[in-house]
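Pasted below: data.cif, mmCIF, C-alpha atoms.
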```cif
data_model
loop_
_atom_site.label_atom_id
_atom_site.label_comp_id
_atom_site.auth_asym_id
_atom_site.auth_seq_id
_atom_site.Cartn_x
_atom_site.Cartn_y
_atom_site.Cartn_z
CA MET A 369 -16.08 -13.49 -17.05
CA TYR A 370 -12.32 -13.33 -16.56
CA ARG A 371 -11.22 -9.75 -17.27
CA LEU A 372 -8.51 -7.21 -16.70
CA VAL A 373 -9.70 -4.55 -14.23
CA LEU A 374 -8.03 -1.21 -13.62
CA ALA A 375 -8.81 1.36 -10.92
CA VAL A 376 -7.62 4.98 -10.76
CA ASP A 377 -7.94 7.46 -7.91
CA VAL A 378 -6.92 11.12 -7.54
CA GLU A 379 -4.89 11.86 -4.42
CA LYS A 380 -6.53 14.26 -1.92
CA TYR A 381 -9.48 14.92 -4.19
CA SER A 382 -11.80 15.89 -1.33
CA ALA A 383 -9.36 18.60 -0.22
CA ARG A 384 -10.01 20.50 -3.47
CA ASP A 385 -12.77 23.04 -3.85
CA ALA A 386 -15.52 22.49 -6.47
CA ARG A 387 -13.62 24.31 -9.22
CA GLU A 388 -10.44 22.32 -8.56
CA GLN A 389 -12.41 19.05 -8.47
CA LEU A 390 -13.92 19.81 -11.87
CA ARG A 391 -10.49 20.62 -13.29
CA ALA A 392 -9.09 17.38 -11.84
CA GLN A 393 -11.91 15.35 -13.43
CA GLU A 394 -11.39 16.98 -16.82
CA GLU A 395 -7.62 16.51 -16.71
CA LEU A 396 -7.92 12.90 -15.57
CA LYS A 397 -10.30 12.07 -18.41
CA ARG A 398 -8.03 13.69 -20.98
CA ILE A 399 -4.90 12.00 -19.62
CA LEU A 400 -6.53 8.56 -19.64
CA ASN A 401 -7.75 9.08 -23.20
CA VAL A 402 -4.36 10.19 -24.51
CA ALA A 403 -2.49 7.43 -22.64
CA ALA A 404 -4.82 4.78 -24.06
CA GLU A 405 -4.48 6.14 -27.59
CA ASN A 406 -0.68 6.31 -27.36
CA ALA A 407 -0.59 2.72 -26.09
CA GLY A 408 -2.72 1.53 -29.02
CA LEU A 409 -5.75 0.68 -26.86
CA ASP A 410 -9.34 1.11 -28.06
CA GLN A 411 -11.47 2.67 -25.32
CA ARG A 412 -14.76 2.23 -27.16
CA HIS A 413 -15.21 -1.20 -25.57
CA TRP A 414 -14.09 -0.26 -22.06
CA TYR A 415 -16.68 -0.41 -19.29
CA GLU A 416 -16.09 2.61 -17.05
CA GLN A 417 -17.69 3.01 -13.64
CA VAL A 418 -16.84 6.56 -12.67
CA SER A 419 -16.77 8.32 -9.31
CA GLY A 420 -15.86 11.89 -8.52
CA ASP A 421 -12.21 11.15 -7.84
CA GLY A 422 -11.53 8.31 -10.25
CA GLU A 423 -12.94 5.31 -12.04
CA LEU A 424 -13.06 1.54 -12.24
CA VAL A 425 -12.43 0.17 -15.73
CA VAL A 426 -13.27 -3.33 -17.00
CA LEU A 427 -11.38 -3.98 -20.20
CA PRO A 428 -12.62 -6.20 -23.04
CA GLU A 429 -11.80 -9.89 -23.25
CA ASP A 430 -9.38 -9.49 -26.17
CA VAL A 431 -7.36 -6.59 -24.71
CA ASP A 432 -3.57 -6.87 -24.80
CA VAL A 433 -2.85 -7.31 -21.09
CA SER A 434 0.87 -6.62 -21.46
CA ALA A 435 0.12 -3.33 -23.26
CA VAL A 436 -2.15 -2.17 -20.45
CA VAL A 437 0.19 -3.13 -17.61
CA GLY A 438 3.32 -1.84 -19.33
CA ASP A 439 2.73 0.64 -22.14
CA PHE A 440 -0.45 2.25 -20.82
CA THR A 441 0.90 2.84 -17.31
CA ARG A 442 4.14 4.26 -18.72
CA GLN A 443 2.17 6.60 -20.96
CA LEU A 444 -0.01 7.59 -18.03
CA GLU A 445 3.05 8.44 -15.96
CA THR A 446 4.69 10.41 -18.79
CA ILE A 447 1.62 12.45 -19.72
CA LEU A 448 0.80 13.11 -16.08
CA GLY A 449 4.31 14.45 -15.57
CA GLU A 450 3.99 16.75 -18.57
CA VAL A 451 0.68 18.12 -17.29
CA ASN A 452 2.02 18.69 -13.77
CA ARG A 453 5.12 20.51 -14.99
CA LYS A 454 2.81 23.20 -16.35
CA VAL A 455 0.99 23.70 -13.04
CA VAL A 456 1.76 27.07 -11.46
CA GLY A 457 0.25 27.97 -8.12
CA GLY A 458 -2.21 25.09 -8.10
CA ARG A 459 -2.50 21.46 -7.07
CA ARG A 460 -0.74 18.84 -9.14
CA LEU A 461 -2.77 15.86 -10.29
CA ARG A 462 -1.33 12.80 -8.58
CA LEU A 463 -2.78 9.33 -9.10
CA ARG A 464 -2.95 5.91 -7.51
CA VAL A 465 -3.45 3.07 -10.02
CA ALA A 466 -4.26 -0.60 -9.33
CA ILE A 467 -4.57 -3.44 -11.85
CA HIS A 468 -5.84 -7.01 -11.41
CA HIS A 469 -6.89 -9.88 -13.68
CA GLY A 470 -9.77 -11.87 -12.26
CA THR A 471 -13.40 -12.95 -12.31
CA LEU A 472 -16.50 -10.74 -12.36
CA THR A 473 -20.05 -10.61 -13.65
CA PRO A 474 -22.14 -7.63 -14.85
CA GLY A 475 -24.62 -6.24 -12.34
CA PRO A 476 -27.28 -3.52 -12.27
CA PHE A 477 -25.02 -1.20 -10.26
CA GLY A 478 -21.71 -2.22 -11.82
CA PRO A 479 -19.49 -5.31 -12.00
CA ALA A 480 -19.75 -7.80 -9.14
CA GLY A 481 -17.29 -10.48 -8.11
CA ASP A 482 -13.72 -10.98 -6.99
CA ALA A 483 -11.89 -8.76 -9.49
CA PRO A 484 -13.48 -5.37 -8.65
CA ILE A 485 -13.11 -6.05 -4.92
CA VAL A 486 -9.45 -7.02 -5.18
CA VAL A 487 -8.51 -4.04 -7.35
CA SER A 488 -10.37 -1.66 -5.03
CA ARG A 489 -8.60 -3.03 -1.94
CA LEU A 490 -5.22 -2.74 -3.64
CA LEU A 491 -5.99 0.82 -4.78
CA ASP A 492 -6.66 1.77 -1.17
CA ALA A 493 -3.56 -0.01 0.17
CA LYS A 494 -1.57 1.97 2.72
CA PRO A 495 1.84 1.46 1.07
CA LEU A 496 0.48 2.91 -2.16
CA ARG A 497 -0.80 6.00 -0.36
CA ARG A 498 2.45 6.26 1.59
CA LEU A 499 4.49 6.18 -1.61
CA LEU A 500 2.88 9.40 -2.83
CA ALA A 501 3.02 10.97 0.63
CA ASP A 502 6.72 10.20 1.10
CA GLN A 503 7.82 11.07 -2.44
CA GLN A 504 6.28 14.41 -3.34
CA ASP A 505 8.06 14.52 -6.69
CA ARG A 506 6.24 11.36 -7.81
CA ASP A 507 3.07 11.76 -9.89
CA LEU A 508 1.82 8.17 -10.03
CA ALA A 509 1.85 5.17 -7.70
CA LEU A 510 1.16 1.76 -9.26
CA ILE A 511 0.21 -1.54 -7.66
CA VAL A 512 -0.59 -4.81 -9.44
CA SER A 513 -2.07 -7.95 -7.94
CA GLN A 514 0.21 -10.85 -7.09
CA SER A 515 -1.20 -13.04 -9.87
CA LEU A 516 -0.79 -10.28 -12.45
CA TYR A 517 2.78 -9.67 -11.35
CA GLN A 518 3.63 -13.36 -11.61
CA ASP A 519 1.93 -13.84 -15.01
CA VAL A 520 2.81 -10.62 -16.80
CA VAL A 521 5.51 -8.60 -15.04
CA ARG A 522 7.88 -11.24 -13.64
CA THR A 523 7.80 -13.21 -16.89
CA GLY A 524 8.95 -10.18 -18.90
CA PHE A 525 5.79 -10.03 -21.02
CA CYS A 526 5.38 -6.29 -20.40
CA SER A 527 7.76 -3.34 -20.56
CA LEU A 528 8.04 -2.84 -16.78
CA ASP A 529 11.11 -4.08 -14.91
CA PRO A 530 10.10 -6.77 -12.38
CA GLU A 531 12.97 -5.72 -10.11
CA GLU A 532 11.25 -2.37 -9.56
CA PHE A 533 8.37 -4.04 -7.70
CA GLN A 534 8.12 -4.83 -4.01
CA PRO A 535 5.62 -7.33 -2.54
CA VAL A 536 3.07 -6.22 0.06
CA ARG A 537 0.28 -7.85 2.03
CA VAL A 538 -2.86 -5.82 2.63
CA ASN A 539 -5.39 -6.74 5.31
CA ALA A 540 -8.83 -5.26 4.74
CA LYS A 541 -12.08 -6.25 6.48
CA GLY A 542 -10.63 -9.54 7.65
CA VAL A 543 -9.32 -10.57 4.23
CA GLN A 544 -5.69 -10.62 3.10
CA TYR A 545 -4.73 -9.36 -0.36
CA HIS A 546 -1.34 -9.70 -2.05
CA GLY A 547 0.11 -7.17 -4.44
CA PHE A 548 3.30 -5.65 -5.80
CA VAL A 549 4.02 -1.92 -5.61
CA ARG A 550 6.23 -0.40 -8.28
CA ARG A 551 9.14 1.68 -7.01
CA PRO A 552 11.35 2.50 -10.02
CA ASP A 553 13.75 4.39 -7.75
CA GLN A 554 14.43 1.34 -5.59
CA VAL A 555 15.38 -2.12 -6.81
CA ARG A 556 13.73 -4.82 -4.73
CA VAL A 557 16.04 -6.64 -2.32
CA ALA A 558 15.49 -9.19 0.42
CA PRO A 559 14.20 -9.00 3.03
CA ALA A 560 11.00 -7.73 1.47
CA THR A 561 8.44 -5.71 3.38
CA ALA A 562 4.80 -6.48 4.00
CA LEU A 563 1.88 -5.04 5.90
CA ARG A 564 0.34 -6.38 9.08
CA PRO A 565 -2.60 -4.91 10.95
CA VAL A 566 -2.01 -2.93 14.13
CA SER A 567 -4.37 -1.64 16.77
CA GLY A 568 -6.64 1.16 15.61
CA GLY A 569 -7.30 -0.37 12.20
CA GLY A 570 -4.01 0.69 10.59
CA ALA A 571 -1.06 -1.30 9.33
CA GLU A 572 2.71 -1.34 9.57
CA LEU A 573 5.56 -2.57 7.40
CA VAL A 574 7.36 -5.69 8.59
CA ALA A 575 10.32 -7.61 7.20
CA LEU A 576 9.66 -11.02 5.68
CA PRO A 577 12.24 -13.80 5.38
CA GLY A 578 13.30 -14.82 1.90
CA GLY A 579 12.03 -11.64 0.24
CA ARG A 580 8.47 -12.92 -0.13
CA ALA A 581 5.15 -11.51 1.02
#
```

In structure tokens, write the structure found in this file.
Amino acid sequence: MYRLVLAVDVEKYSARDAREQLRAQEELKRILNVAAENAGLDQRHWYEQVSGDGELVVLPEDVDVSAVVGDFTRQLETILGEVNRKVVGGRRLRLRVAIHHGTLTPGPFGPAGDAPIVVSRLLDAKPLRRLLADQQDRDLALIVSQSLYQDVVRTGFCSLDPEEFQPVRVNAKGVQYHGFVRRPDQVRVAPATALRPVSGGGAELVALPGGRA
């Protein structure tokens, strides 16, 4: 199957105590539900593989891809901001979100194939984590795969501004993945930045000629 896959993760979930983790799970579920409803998306046909700090979602074949990439993520960001403004003396709920359109097949322990692997690698990308770490006022960090950016964002089919995205390369377990991180505060200019592995298993940003990753 060729499906849209979305992954969500709560920042620093393991640093919360049990009560805070439960609250984070409940808030995340409610925020996802409201964002989907506001974007006109029907969750009844979503396949959701949940974990304690987030979930992997496989959307149905007939889903409006532009609505998910644009309207849903905007709603998610807006609602998340409203929830966090009410937090007093507690941890804000901050999210990393990754989206990819690719191939998969159902399996006994969840979807198998290229799409869930790609979206999981992008969700764990260092520049996405760094975005939340460096900008504490930000509630959501979004990355889309290169193919999704080219097909849906760059073409203007969704409501997100393509100039707000910056290309990155992610190296994980010997495989290279390409994505675009959204930075609405910073219009993309050349030279672009990308990731390359460094000793110790980490990565660093490097300049690329021509603004491409």

Original post:
Skipping near chain neighbours, those fewer than 4 positions away, what residues fall within 8 Å of A:Leu463 using all atoms listed in the file, listed as a PyMOL selection string?
Top reply: chain A and resi 376-379+507-509

Subject >> Local residues around (3.4, 3.7, -22.2), at most 10 Å away, using all atoms listed in the file, as a ChimeraX atom specification >> reply: /A:403-408,435-447,527-528

**OP:** Write out as a list of chain:residue names which residues come within 7 Å of stretch 423-432 of chain A when counting all atoms listed in the file, dropping same-chain ones fewer than 6 positions away.
**Re:**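 Non-adjacent residues within range: A:Arg371, A:Leu372, A:Val373, A:Leu374, A:Ala375, A:Val376, A:Asp377, A:His413, A:Trp414, A:Tyr415, A:Glu416, A:Gln417.
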
**OP:** Could you state which residues are captured by the PyMOL selection byres ((chain A and resi 497) around 12) in this file, as a ChimeraX atom specification?
**Re:** /A:377-380,462-466,490-496,498-504,506-511,549

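We find atom CA of A:Lys541 and atom CA of A:Pro479 to be spaced 19.9 Å apart.
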
Subject >> Selected residue, from A:Gly458, A:Val521, A:Lys397, A:Met369, that lies nearest to A:Arg384 when counting all atoms listed in the file >> reply: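 Closest to A:Arg384 of all the choices is A:Gly458.
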
Original post:
Do you have the atom CA of A:Ala392-atom CA of A:Val451 distance handy?
Top reply: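 Interatomic distance, atom CA of A:Ala392 to atom CA of A:Val451: 11.2 Å.
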
Subject >> 10 Å contact set for A:His469, only C-alpha atoms, chain neighbours under 4 positions out, as a list in words >> reply: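 Once the nearby chain positions are removed, what remains is Tyr370, Arg371, Leu372, Val373, Leu374, Val426, Leu427, Val433, Asp482, Ala483, Pro484, Val486, Val487, Val512, Ser513, Gln514, Ser515, Leu516, Tyr517 and Asp519 of chain A.
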
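Atom CA of A:Glu395 is found 28.8 Å from atom CA of A:Gly470.
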
Original post:
Using all atoms listed in the file, which residue out of A:Gly547, A:Gly420, A:Gly449, A:Pro476 lies closest to A:Ile399?
Top reply: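 The closest residue to A:Ile399 is A:Gly449.
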
Original post:
From the list A:Arg391, A:Asp529, A:Asn539, A:Ser382, which residue is nearest A:Val455 when using only C-alpha atoms?
Top reply: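 Ranking A:Arg391, A:Asp529, A:Asn539, A:Ser382 by distance to A:Val455, first place goes to A:Arg391.
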
Original post:
Which residue out of A:Gln518, A:Asn452, A:Asn401, A:Gln393 has the minimum interatomic distance to A:His468 when all atoms listed in the file are used?
Top reply: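 Looking at the shortest contact to A:His468, the residue is A:Gln518.
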